[in-house]
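Below is one structure; the comments refer to it alone.
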Amino acid sequence: ASPTRSVSDTVAASREVCGTTPGPDGALRVIILEGSTSCTDAKALAEAYGPKIATGAPQTVDGWDCEPSSQAGFLSTCTKDGATVGFAP
């Protein structure tokens, strides 16, 4: 049997995945969902925001507005200047 693919797996297949970052329950994939930002910027955001994800509270991190995600399959998303970066298990 093949593993079940989550919504985030489907989204990740069509977006740029920029590695992983430690999350509250294991590694989270860092995925550019919208706009133009680089993996370098997404990874820097992940490094700064990763330890704060577990709080579940909206936060501003290096100019990005981050909060728990309303998008299925994503733990959290951050937005800045029309770009969105998502964090998914």
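Chain labels A, B, ... are given in the sequence in which chains occur in the structure tokens; within each chain residues are numbered consecutively from 1, and ligands are likewise numbered from 1 in the order shown.
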
Original post:
Using the chain letters and numbers from this document, which residues of stretch 5-82 of chain A does DSSP assign to helix (DSSP H, G or I), as a ChimeraX atom specification?
Top reply: /A:7-13,39-55

**OP:** Going by DSSP on the backbone, which bits of chain A are strand (DSSP E or B)? Write them as a ChimeraX atom specification, please.
**Re:** /A:16-23,26-34,59-61,64-68,76-80,83-88

Original post:
Between A:Val17, A:Ala44, A:Ile31, A:Ala88, which is the closest to A:Pro68 once you count only C-alpha atoms?
Top reply: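 Selected residue with least distance to A:Pro68: A:Ala88.
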
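If you count only C-alpha atoms and ignore residues fewer than 6 places along the chain from A:Lys80, what sits within 8 Å of it is Gly63, Trp64 and Asp65 of chain A.
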
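Straight-line separation from atom CA of A:Gly26 to atom CA of A:Asp81: 28.7 Å.
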
Subject >> Separation of atom CA of A:Ser38 from atom CA of A:Ser70, in Å and rounded to one decimal >> reply: 23.1 Å

Original post:
Using only C-alpha atoms, which residues sit within 7 Å of A:Leu28 once same-chain residues fewer than 6 positions away are excluded, as a ChimeraX atom specification?
Top reply: /A:20-22,87-89

Write the selection just made, keeping N, CA, C and O atoms, as an mmCIF file, in the first residue's frame?
data_model
loop_
_atom_site.group_PDB
_atom_site.id
_atom_site.type_symbol
_atom_site.label_atom_id
_atom_site.label_comp_id
_atom_site.auth_asym_id
_atom_site.auth_seq_id
_atom_site.Cartn_x
_atom_site.Cartn_y
_atom_site.Cartn_z
ATOM 1 N N THR A 20 14.189 21.741 5.624
ATOM 2 C CA THR A 20 13.383 21.546 6.828
ATOM 3 C C THR A 20 13.914 22.403 7.967
ATOM 4 O O THR A 20 15.031 22.900 7.911
ATOM 5 N N THR A 21 13.078 22.535 8.980
ATOM 6 C CA THR A 21 13.458 23.238 10.205
ATOM 7 C C THR A 21 12.885 22.450 11.372
ATOM 8 O O THR A 21 11.850 21.794 11.217
ATOM 9 N N PRO A 22 13.536 22.466 12.528
ATOM 10 C CA PRO A 22 12.968 21.773 13.676
ATOM 11 C C PRO A 22 11.629 22.391 14.084
ATOM 12 O O PRO A 22 11.490 23.607 14.143
ATOM 13 N N PHE A 87 4.938 26.098 6.734
ATOM 14 C CA PHE A 87 5.683 25.089 7.495
ATOM 15 C C PHE A 87 4.781 23.883 7.670
ATOM 16 O O PHE A 87 3.709 23.967 8.272
ATOM 17 N N ALA A 88 5.185 22.748 7.110
ATOM 18 C CA ALA A 88 4.350 21.546 7.093
ATOM 19 C C ALA A 88 5.130 20.328 7.587
ATOM 20 O O ALA A 88 6.321 20.198 7.309
ATOM 21 N N PRO A 89 4.429 19.446 8.305
ATOM 22 C CA PRO A 89 5.085 18.200 8.757
ATOM 23 C C PRO A 89 5.481 17.332 7.575
ATOM 24 O O PRO A 89 4.989 17.477 6.500
#

Subject >> Near-A:Cys18 list (12 Å; only C-alpha atoms; drop same-chain fewer than 5 positions) as a ChimeraX atom specification >> reply: /A:12,28-33,37-47,85-88

Subject >> Residue contacts of A:Gly82 (8 Å, only C-alpha atoms) excluding same-chain residues fewer than 6 positions away, as a PyMOL selection string >> reply: chain A and resi 34-36

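With distances taken over only C-alpha atoms, A:Thr55 is the one residue among A:Thr84, A:Thr55, A:Thr77, A:Thr60 lying closest to A:Pro24.
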
Original post:
For A:Asp25, which residue out of A:Val61, A:Leu75, A:Cys66, A:Ala48 is the nearest one, using only C-alpha atoms?
Top reply: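 When distances to A:Asp25 are compared using only C-alpha atoms, the smallest one comes from A:Leu75.
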